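Asker: What follows is a structure written as C-alpha cells; I'll ask about it next.
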Amino acid sequence: MSKFTLPLLGFALLVGVFVIGLTMDPSRIPSPLLQQAAPEFSIPSLHDPDVLVGSDNYRNQVALVNIWATWCPGCRQEHGFLLELAKEGAIPIFGLNWRDDRVEALRWLQTLGDPYIASGFDADGRVGIDWGAYGAPETFLIDSDGTVIHKHIAPLTREIWERDFLPLIAGSGAK
Amino acid sequence: MKLLTLVAGFLLLFASAHAIDVGQSFDDPELQQRYDKIIAEVRCLKCQNQTIKDSNAFLASDLRREIRRLLEEGKSDTEIYDFLVARYGDFALYRPRTSGRTLILWVAPIVFLLFGAFILARIVRRRLALPIDDDPAAGS
C-alpha cells in the first residue's frame with residue numbers, strides 16, 4: 001500500500017459524493033404520499049362556489065389530480081398536453097386550482113380550454129397542504145383504490161406521460 | 001476606520017429584521033413560545049434555505065396558519081411535526097428525526113470525527129516512534 005492510497009481513496013469517495021449530490025435536483029422533493037392513501041377532500045368548485053367537488057369526483061377510477069394556478073408559467077406550458085389527454089379520453093383529470101384568483105382561473109379555462117372533469121377552488125391553500133404541494137404544477141396519479149402511485153413535479157409532457165405514467169397505469173389493473 | 005464605521009452603519013441599517021406576522025399570534029405566552037419555536041424549525045419548501053419563520057412566500061404563510069390552527073386545537077409539538085412530515089417528508093424539518101432514512105445524517109458526522117481521530121492518532125504515534133534528533137542542523 002503506497003502512501004498515496006488512502007488520500008486517493010478519500011478523494012475518490014469525495015468525488016463520488018459530489019457526483020451523486022450535484023446531479024440530484026433539490027427542488028424535487030420525494031413525496032411521502034407515494035403508495036399512501038390520497039388525501040380526501042371536498043371543496044367549492046371553481047365554476048360554482050355552491051357546488052362541492054373533491055375526491056368523490058374520481059372515486060374508484062385511475063385518475064390524475066393536477067395542481068395548477070394562473071400565476072404558474074409551467075401550468076400554461078403543460079396545459080396543451082392536458083387538453084390532449086382529455087380529448088383522447090386517456091384518463092379523468094381533476095384540477096385543483098391552488099391559491100388563485102377565481103375570475104382569472106375561469107378566464108384561463110375559457111380561453112385555453114378546460115381539460116378537467118371538475119375543478120376545485122383552493123383559495124387558502126389548505127387542500128394543497130394536505131397534498132404536500134409546494135410548487136405548481138404538480139400532478140398525482142391516483143389508483144382506483146385511492147392510492148397515490150406517482151407524483152410528477154414540473155410540467156407534464158407526452159414524453160414523461162409515456163415514460164412514467166403509462167407503465168403504472170397498465171400495471172394498476174393487474175393488482 | 002471610517003470605512004468600518006460606514007460598513008457598520010450600513011449593516012445596522014438593515015438589521016431591523018421585519019417580523020413577517022405583525023404582532024403576537026397568541027395571547028397565551030406559552031403557545032406563542034411553542035409557535036415561535038416550531039416555525040423556526042420548519043423549512044419553507046418553496047424557498048429551501050429559509051425557515052417558514054423567515055419566508056414571506058405564500059406557502060410559508062399558509063404553513064404558519066396551519067400550525068397556528070393546530071396549536072389552537074391543542075395539538076402537541078410532536079403531532080404538529082408529524083402533520084408536516086406526513087405531507088412534506090423529513091426534508092420539511094430543519095432537524096430531521098432519526099429514522100432509518102435519516103440515520104446517516106446523524107451518524108455520518110460522528111463517523112467522520114472518529115475517522116479523523118484515528119488518522120491523527122496514527123500520525124502522532126508514528127512520529128513518537130521516530131528517534132529524537134538532537135542535531136539542530138539536521139532538523140532544518
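Ligands are numbered from 1 in the order shown, residues from 1 within each chain, and chains are lettered A, B, ... in the order they appear in the C-alpha cells.
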Within 9 Å of range 46-55 of chain B, counting only C-alpha atoms, which residues show up once you throw out same-chain ones fewer than 2 positions away? Write them as a PyMOL selection string, please.
Answerer: (chain A and resi 26-27+134-135) or (chain B and resi 18-21+36+38-44+57-61+63-64+93-94)
Asker: Might you pull out every residue within 12 Å of Arg102 in chain A, with only C-alpha atoms counted and same-chain residues fewer than 6 positions away left off, and present them as a list in words?
Answerer: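 Contacts, with the query itself left out: Pro44, Ser45, Leu46, His47, Asp48, Pro49, Ala69, Thr70, Trp71, Leu96, Trp108, Leu109, Ser119, Gly120, Phe121, Asp122, Ala123 and Asp124 of chain A.
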Asker: Return the neighbours of chain A among the residues of chain B, cut-off 7 Å, counting only C-alpha atoms, as a PDB file with all heavy atoms, in the first residue's frame.
Answerer:
ATOM      1  N   LEU B  45     -40.567  25.035   1.744  1.00  0.00           N
ATOM      2  CA  LEU B  45     -40.130  24.193   0.631  1.00  0.00           C
ATOM      3  C   LEU B  45     -40.058  24.939  -0.678  1.00  0.00           C
ATOM      4  O   LEU B  45     -39.472  24.474  -1.631  1.00  0.00           O
ATOM      5  CB  LEU B  45     -41.051  22.982   0.509  1.00  0.00           C
ATOM      6  CG  LEU B  45     -40.791  22.033   1.675  1.00  0.00           C
ATOM      7  CD1 LEU B  45     -41.881  22.103   2.669  1.00  0.00           C
ATOM      8  CD2 LEU B  45     -40.516  20.658   1.199  1.00  0.00           C
ATOM      9  N   LYS B  46     -40.661  26.113  -0.685  1.00  0.00           N
ATOM     10  CA  LYS B  46     -40.632  26.927  -1.894  1.00  0.00           C
ATOM     11  C   LYS B  46     -39.295  27.673  -1.969  1.00  0.00           C
ATOM     12  O   LYS B  46     -38.828  28.019  -3.027  1.00  0.00           O
ATOM     13  CB  LYS B  46     -41.805  27.906  -1.828  1.00  0.00           C
ATOM     14  CG  LYS B  46     -42.084  28.667  -3.080  1.00  0.00           C
ATOM     15  CD  LYS B  46     -42.809  27.817  -4.069  1.00  0.00           C
ATOM     16  CE  LYS B  46     -42.451  28.282  -5.472  1.00  0.00           C
ATOM     17  NZ  LYS B  46     -42.731  27.254  -6.454  1.00  0.00           N
ATOM     18  N   LEU B  59     -46.627  29.967   0.562  1.00  0.00           N
ATOM     19  CA  LEU B  59     -46.655  28.631   1.162  1.00  0.00           C
ATOM     20  C   LEU B  59     -46.226  28.700   2.630  1.00  0.00           C
ATOM     21  O   LEU B  59     -46.807  28.039   3.490  1.00  0.00           O
ATOM     22  CB  LEU B  59     -45.736  27.694   0.377  1.00  0.00           C
ATOM     23  CG  LEU B  59     -45.686  26.254   0.881  1.00  0.00           C
ATOM     24  CD1 LEU B  59     -47.064  25.617   0.810  1.00  0.00           C
ATOM     25  CD2 LEU B  59     -44.698  25.431   0.090  1.00  0.00           C
ATOM     26  N   ASP B  62     -49.059  30.058   4.584  1.00  0.00           N
ATOM     27  CA  ASP B  62     -50.096  29.022   4.722  1.00  0.00           C
ATOM     28  C   ASP B  62     -49.709  28.037   5.807  1.00  0.00           C
ATOM     29  O   ASP B  62     -50.537  27.626   6.631  1.00  0.00           O
ATOM     30  CB  ASP B  62     -50.277  28.244   3.410  1.00  0.00           C
ATOM     31  CG  ASP B  62     -51.052  29.053   2.384  1.00  0.00           C
ATOM     32  OD1 ASP B  62     -51.420  30.196   2.693  1.00  0.00           O
ATOM     33  OD2 ASP B  62     -51.287  28.529   1.282  1.00  0.00           O
ATOM     34  N   ALA B  86     -45.777  14.077   7.370  1.00  0.00           N
ATOM     35  CA  ALA B  86     -46.674  13.228   6.581  1.00  0.00           C
ATOM     36  C   ALA B  86     -46.972  13.855   5.226  1.00  0.00           C
ATOM     37  O   ALA B  86     -47.258  13.155   4.258  1.00  0.00           O
ATOM     38  CB  ALA B  86     -47.984  13.002   7.343  1.00  0.00           C
ATOM     39  N   ARG B  87     -46.918  15.180   5.144  1.00  0.00           N
ATOM     40  CA  ARG B  87     -47.251  15.844   3.880  1.00  0.00           C
ATOM     41  C   ARG B  87     -46.025  16.209   3.062  1.00  0.00           C
ATOM     42  O   ARG B  87     -46.035  16.109   1.844  1.00  0.00           O
ATOM     43  CB  ARG B  87     -48.068  17.103   4.171  1.00  0.00           C
ATOM     44  CG  ARG B  87     -49.474  16.754   4.589  1.00  0.00           C
ATOM     45  CD  ARG B  87     -50.140  17.882   5.334  1.00  0.00           C
ATOM     46  NE  ARG B  87     -51.506  17.534   5.661  1.00  0.00           N
ATOM     47  CZ  ARG B  87     -51.850  16.672   6.604  1.00  0.00           C
ATOM     48  NH1 ARG B  87     -50.919  16.066   7.310  1.00  0.00           N
ATOM     49  NH2 ARG B  87     -53.122  16.403   6.831  1.00  0.00           N
ATOM     50  N   TYR B  88     -45.001  16.661   3.757  1.00  0.00           N
ATOM     51  CA  TYR B  88     -43.841  17.186   3.025  1.00  0.00           C
ATOM     52  C   TYR B  88     -42.576  16.355   3.212  1.00  0.00           C
ATOM     53  O   TYR B  88     -41.549  16.657   2.616  1.00  0.00           O
ATOM     54  CB  TYR B  88     -43.588  18.644   3.430  1.00  0.00           C
ATOM     55  CG  TYR B  88     -44.656  19.561   2.896  1.00  0.00           C
ATOM     56  CD1 TYR B  88     -45.727  19.953   3.679  1.00  0.00           C
ATOM     57  CD2 TYR B  88     -44.602  19.985   1.577  1.00  0.00           C
ATOM     58  CE1 TYR B  88     -46.726  20.772   3.168  1.00  0.00           C
ATOM     59  CE2 TYR B  88     -45.589  20.803   1.060  1.00  0.00           C
ATOM     60  CZ  TYR B  88     -46.644  21.197   1.856  1.00  0.00           C
ATOM     61  OH  TYR B  88     -47.635  21.983   1.342  1.00  0.00           O
ATOM     62  N   GLY B  89     -42.616  15.354   4.052  1.00  0.00           N
ATOM     63  CA  GLY B  89     -41.442  14.496   4.220  1.00  0.00           C
ATOM     64  C   GLY B  89     -40.460  15.045   5.234  1.00  0.00           C
ATOM     65  O   GLY B  89     -40.621  16.144   5.760  1.00  0.00           O
TER      66      GLY B  89
END
Asker: What's around Lys87 in chain A at 12 Å? Count only C-alpha atoms, leave out sequence neighbours fewer than 3 positions away in its own chain, and write the answer as a VMD selection string.
Answerer: chain A and resid 80 to 84 90 to 93 113 to 117
Asker: Would you save the residues of that selection, restricted to N, CA, C and O atoms, as a tab-separated table (two decimals), in the first residue's frame?
Answerer:
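Full text of result30.tsv as output:
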chain	number	residue	atom	x	y	z
A	80	GLY	N	-51.64	22.52	-22.79
A	80	GLY	CA	-51.95	21.93	-24.09
A	80	GLY	C	-51.95	20.41	-24.02
A	80	GLY	O	-52.84	19.75	-24.57
A	81	PHE	N	-50.99	19.87	-23.31
A	81	PHE	CA	-50.92	18.41	-23.23
A	81	PHE	C	-52.07	17.84	-22.40
A	81	PHE	O	-52.64	16.80	-22.74
A	82	LEU	N	-52.44	18.56	-21.33
A	82	LEU	CA	-53.60	18.10	-20.54
A	82	LEU	C	-54.85	18.07	-21.41
A	82	LEU	O	-55.67	17.14	-21.32
A	83	LEU	N	-54.98	19.09	-22.28
A	83	LEU	CA	-56.14	19.11	-23.19
A	83	LEU	C	-56.12	17.91	-24.12
A	83	LEU	O	-57.16	17.30	-24.38
A	84	GLU	N	-54.92	17.58	-24.62
A	84	GLU	CA	-54.81	16.40	-25.49
A	84	GLU	C	-55.24	15.14	-24.76
A	84	GLU	O	-56.01	14.32	-25.29
A	90	ALA	N	-57.96	9.73	-22.27
A	90	ALA	CA	-56.95	8.85	-21.69
A	90	ALA	C	-57.20	8.59	-20.21
A	90	ALA	O	-57.05	7.47	-19.73
A	91	ILE	N	-57.60	9.62	-19.50
A	91	ILE	CA	-57.71	9.49	-18.04
A	91	ILE	C	-58.50	10.70	-17.52
A	91	ILE	O	-58.40	11.79	-18.08
A	92	PRO	N	-59.34	10.49	-16.51
A	92	PRO	CA	-60.00	11.66	-15.92
A	92	PRO	C	-58.98	12.53	-15.17
A	92	PRO	O	-58.15	12.00	-14.43
A	93	ILE	N	-59.04	13.83	-15.39
A	93	ILE	CA	-58.12	14.74	-14.71
A	93	ILE	C	-58.93	15.66	-13.80
A	93	ILE	O	-59.84	16.36	-14.25
A	113	GLY	N	-59.17	26.43	-22.82
A	113	GLY	CA	-59.83	25.13	-22.85
A	113	GLY	C	-59.77	24.49	-21.48
A	113	GLY	O	-58.87	24.77	-20.68
A	114	ASP	N	-60.77	23.62	-21.21
A	114	ASP	CA	-60.88	23.03	-19.88
A	114	ASP	C	-60.69	21.51	-19.95
A	114	ASP	O	-61.56	20.80	-20.42
A	115	PRO	N	-59.54	21.00	-19.52
A	115	PRO	CA	-59.30	19.56	-19.61
A	115	PRO	C	-59.83	18.79	-18.39
A	115	PRO	O	-59.71	17.57	-18.35
A	116	TYR	N	-60.44	19.49	-17.43
A	116	TYR	CA	-60.73	18.86	-16.14
A	116	TYR	C	-62.14	18.30	-16.07
A	116	TYR	O	-63.09	18.91	-16.57
A	117	ILE	N	-62.28	17.15	-15.39
A	117	ILE	CA	-63.62	16.62	-15.15
A	117	ILE	C	-64.32	17.48	-14.10
A	117	ILE	O	-65.54	17.57	-14.07
Asker: Quick one, how far is CA of Glu159 in chain A from CA of Ala118 in chain A?
Answerer: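 Separation of CA of Glu159 in chain A and CA of Ala118 in chain A: 25.0 Å.
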Asker: Within 12 Å of Tyr35 in chain B, counting only C-alpha atoms, which residues qualify if same-chain residues fewer than 4 places away don't, as a PyMOL selection string?
Answerer: chain B and resi 21+24-31+39-42+52-53+63-72+74-77+80-81
Asker: Kindly save the residues from that selection, with N, CA, C and O atoms included, as a CSV table (one decimal), in the first residue's frame.
Answerer:
chain,number,residue,atom,x,y,z
B,21,ASP,N,-45.2,38.0,10.6
B,21,ASP,CA,-46.5,38.2,11.1
B,21,ASP,C,-46.4,39.3,12.1
B,21,ASP,O,-45.7,39.3,13.1
B,24,GLN,N,-48.1,39.7,18.1
B,24,GLN,CA,-48.2,38.3,18.6
B,24,GLN,C,-49.3,37.5,18.0
B,24,GLN,O,-50.4,38.1,17.6
B,25,SER,N,-49.1,36.2,17.8
B,25,SER,CA,-50.2,35.4,17.2
B,25,SER,C,-51.1,34.8,18.3
B,25,SER,O,-52.2,34.5,18.0
B,26,PHE,N,-50.5,34.7,19.5
B,26,PHE,CA,-51.3,34.1,20.6
B,26,PHE,C,-51.3,35.0,21.8
B,26,PHE,O,-50.3,35.7,22.1
B,27,ASP,N,-52.4,35.0,22.5
B,27,ASP,CA,-52.4,35.7,23.8
B,27,ASP,C,-51.7,35.0,24.9
B,27,ASP,O,-51.0,35.6,25.7
B,28,ASP,N,-51.7,33.7,24.8
B,28,ASP,CA,-51.1,32.8,25.7
B,28,ASP,C,-49.6,32.8,25.4
B,28,ASP,O,-49.2,32.3,24.4
B,29,PRO,N,-48.7,33.3,26.4
B,29,PRO,CA,-47.3,33.3,26.1
B,29,PRO,C,-46.7,32.0,25.8
B,29,PRO,O,-45.7,31.8,25.1
B,30,GLU,N,-47.3,30.9,26.5
B,30,GLU,CA,-46.7,29.6,26.3
B,30,GLU,C,-46.9,29.1,24.9
B,30,GLU,O,-46.0,28.6,24.2
B,31,LEU,N,-48.1,29.3,24.4
B,31,LEU,CA,-48.4,28.9,23.0
B,31,LEU,C,-47.6,29.7,22.0
B,31,LEU,O,-47.0,29.2,21.0
B,39,ILE,N,-42.1,27.3,14.1
B,39,ILE,CA,-41.9,27.9,12.8
B,39,ILE,C,-40.4,28.1,12.5
B,39,ILE,O,-40.0,28.2,11.3
B,40,ALA,N,-39.6,28.2,13.5
B,40,ALA,CA,-38.1,28.3,13.3
B,40,ALA,C,-37.5,27.0,12.9
B,40,ALA,O,-36.3,26.9,12.6
B,41,GLU,N,-38.2,25.9,13.0
B,41,GLU,CA,-37.7,24.5,12.7
B,41,GLU,C,-38.2,24.0,11.4
B,41,GLU,O,-37.8,22.9,11.0
B,42,VAL,N,-39.1,24.7,10.8
B,42,VAL,CA,-39.7,24.1,9.6
B,42,VAL,C,-39.2,24.8,8.3
B,42,VAL,O,-39.2,26.1,8.3
B,52,ILE,N,-39.9,28.7,7.6
B,52,ILE,CA,-41.2,29.4,7.4
B,52,ILE,C,-41.3,30.6,8.3
B,52,ILE,O,-42.2,31.4,8.0
B,53,LYS,N,-40.4,30.7,9.3
B,53,LYS,CA,-40.5,31.9,10.1
B,53,LYS,C,-39.9,33.1,9.3
B,53,LYS,O,-40.4,34.2,9.5
B,63,LEU,N,-48.4,27.6,5.8
B,63,LEU,CA,-48.0,26.7,6.8
B,63,LEU,C,-48.0,27.3,8.2
B,63,LEU,O,-48.4,26.6,9.2
B,64,ARG,N,-47.6,28.5,8.3
B,64,ARG,CA,-47.7,29.2,9.6
B,64,ARG,C,-49.2,29.2,10.1
B,64,ARG,O,-49.5,28.9,11.3
B,65,ARG,N,-50.1,29.5,9.2
B,65,ARG,CA,-51.5,29.5,9.6
B,65,ARG,C,-52.0,28.1,10.0
B,65,ARG,O,-52.7,28.0,11.0
B,66,GLU,N,-51.5,27.1,9.3
B,66,GLU,CA,-51.9,25.7,9.7
B,66,GLU,C,-51.4,25.4,11.1
B,66,GLU,O,-52.0,24.7,11.9
B,67,ILE,N,-50.1,25.8,11.3
B,67,ILE,CA,-49.5,25.5,12.6
B,67,ILE,C,-50.2,26.2,13.7
B,67,ILE,O,-50.5,25.7,14.8
B,68,ARG,N,-50.6,27.5,13.5
B,68,ARG,CA,-51.4,28.2,14.5
B,68,ARG,C,-52.7,27.5,14.8
B,68,ARG,O,-53.1,27.3,15.9
B,69,ARG,N,-53.4,27.0,13.7
B,69,ARG,CA,-54.6,26.3,13.9
B,69,ARG,C,-54.4,25.0,14.7
B,69,ARG,O,-55.2,24.8,15.6
B,70,LEU,N,-53.4,24.3,14.4
B,70,LEU,CA,-53.1,23.0,15.1
B,70,LEU,C,-52.8,23.3,16.6
B,70,LEU,O,-53.3,22.6,17.5
B,71,LEU,N,-52.1,24.4,16.8
B,71,LEU,CA,-51.8,24.8,18.2
B,71,LEU,C,-53.1,25.1,19.0
B,71,LEU,O,-53.3,24.7,20.1
B,72,GLU,N,-53.9,25.9,18.3
B,72,GLU,CA,-55.2,26.3,18.9
B,72,GLU,C,-56.1,25.0,19.2
B,72,GLU,O,-56.8,25.0,20.2
B,74,GLY,N,-55.0,22.4,20.2
B,74,GLY,CA,-54.4,21.7,21.4
B,74,GLY,C,-53.5,20.6,21.0
B,74,GLY,O,-53.2,19.7,21.8
B,75,LYS,N,-53.0,20.6,19.7
B,75,LYS,CA,-52.1,19.5,19.3
B,75,LYS,C,-50.7,19.7,19.9
B,75,LYS,O,-50.3,20.8,20.2
B,76,SER,N,-50.0,18.6,20.2
B,76,SER,CA,-48.7,18.7,20.8
B,76,SER,C,-47.7,19.0,19.7
B,76,SER,O,-48.0,18.9,18.5
B,77,ASP,N,-46.5,19.4,20.1
B,77,ASP,CA,-45.4,19.7,19.1
B,77,ASP,C,-45.2,18.5,18.2
B,77,ASP,O,-45.0,18.7,17.0
B,80,ILE,N,-47.7,18.1,15.6
B,80,ILE,CA,-47.6,19.1,14.5
B,80,ILE,C,-46.4,18.7,13.6
B,80,ILE,O,-46.6,18.8,12.3
B,81,TYR,N,-45.3,18.3,14.1
B,81,TYR,CA,-44.2,17.8,13.3
B,81,TYR,C,-44.7,16.6,12.4
B,81,TYR,O,-44.3,16.5,11.3
Asker: Suppose you want the space between CA of Asp145 in chain A and CA of Ala38 in chain A; what is it in Å?
Answerer: 9.4 Å
Asker: Report as a PyMOL selection string: the residues of range 4-120 of chain A with a DSSP assignment of strand (DSSP E or B), based on the backbone of this structure.
Answerer: chain A and resi 37+42-45+52-54+63-68+93-98+118-120
Asker: What's the 9 Å shell around Phe41 in chain A, counting only C-alpha atoms, without same-chain residues fewer than 5 positions away, as a PyMOL selection string?
Answerer: chain A and resi 53-56+127+130
Asker: Write a file of the selected residues as an mmCIF file, in the first residue's frame, keeping N, CA and C atoms.
Answerer:
data_model
loop_
_atom_site.group_PDB
_atom_site.id
_atom_site.type_symbol
_atom_site.label_atom_id
_atom_site.label_comp_id
_atom_site.auth_asym_id
_atom_site.auth_seq_id
_atom_site.Cartn_x
_atom_site.Cartn_y
_atom_site.Cartn_z
ATOM 1 N N VAL A 53 -66.800 19.866 -4.832
ATOM 2 C CA VAL A 53 -66.136 18.835 -5.624
ATOM 3 C C VAL A 53 -64.956 18.310 -4.811
ATOM 4 N N GLY A 54 -64.429 17.175 -5.235
ATOM 5 C CA GLY A 54 -63.301 16.627 -4.485
ATOM 6 C C GLY A 54 -63.025 15.199 -4.859
ATOM 7 N N SER A 55 -62.512 14.445 -3.902
ATOM 8 C CA SER A 55 -62.077 13.086 -4.210
ATOM 9 C C SER A 55 -63.228 12.214 -4.700
ATOM 10 N N ASP A 56 -64.485 12.595 -4.365
ATOM 11 C CA ASP A 56 -65.632 11.808 -4.844
ATOM 12 C C ASP A 56 -65.750 11.838 -6.360
ATOM 13 N N VAL A 127 -56.119 22.567 1.029
ATOM 14 C CA VAL A 127 -56.095 21.258 0.361
ATOM 15 C C VAL A 127 -54.706 21.019 -0.229
ATOM 16 N N ASP A 130 -52.515 19.554 2.281
ATOM 17 C CA ASP A 130 -52.777 18.123 2.502
ATOM 18 C C ASP A 130 -52.116 17.255 1.440
#
Asker: Pick out the residues sitting within 6 Å of range 66-68 of chain A, and hand them over as a ChimeraX atom specification; count only C-alpha atoms, and ignore anything fewer than 3 positions along from it in its own chain.
Answerer: /A:75,95-98,136-139
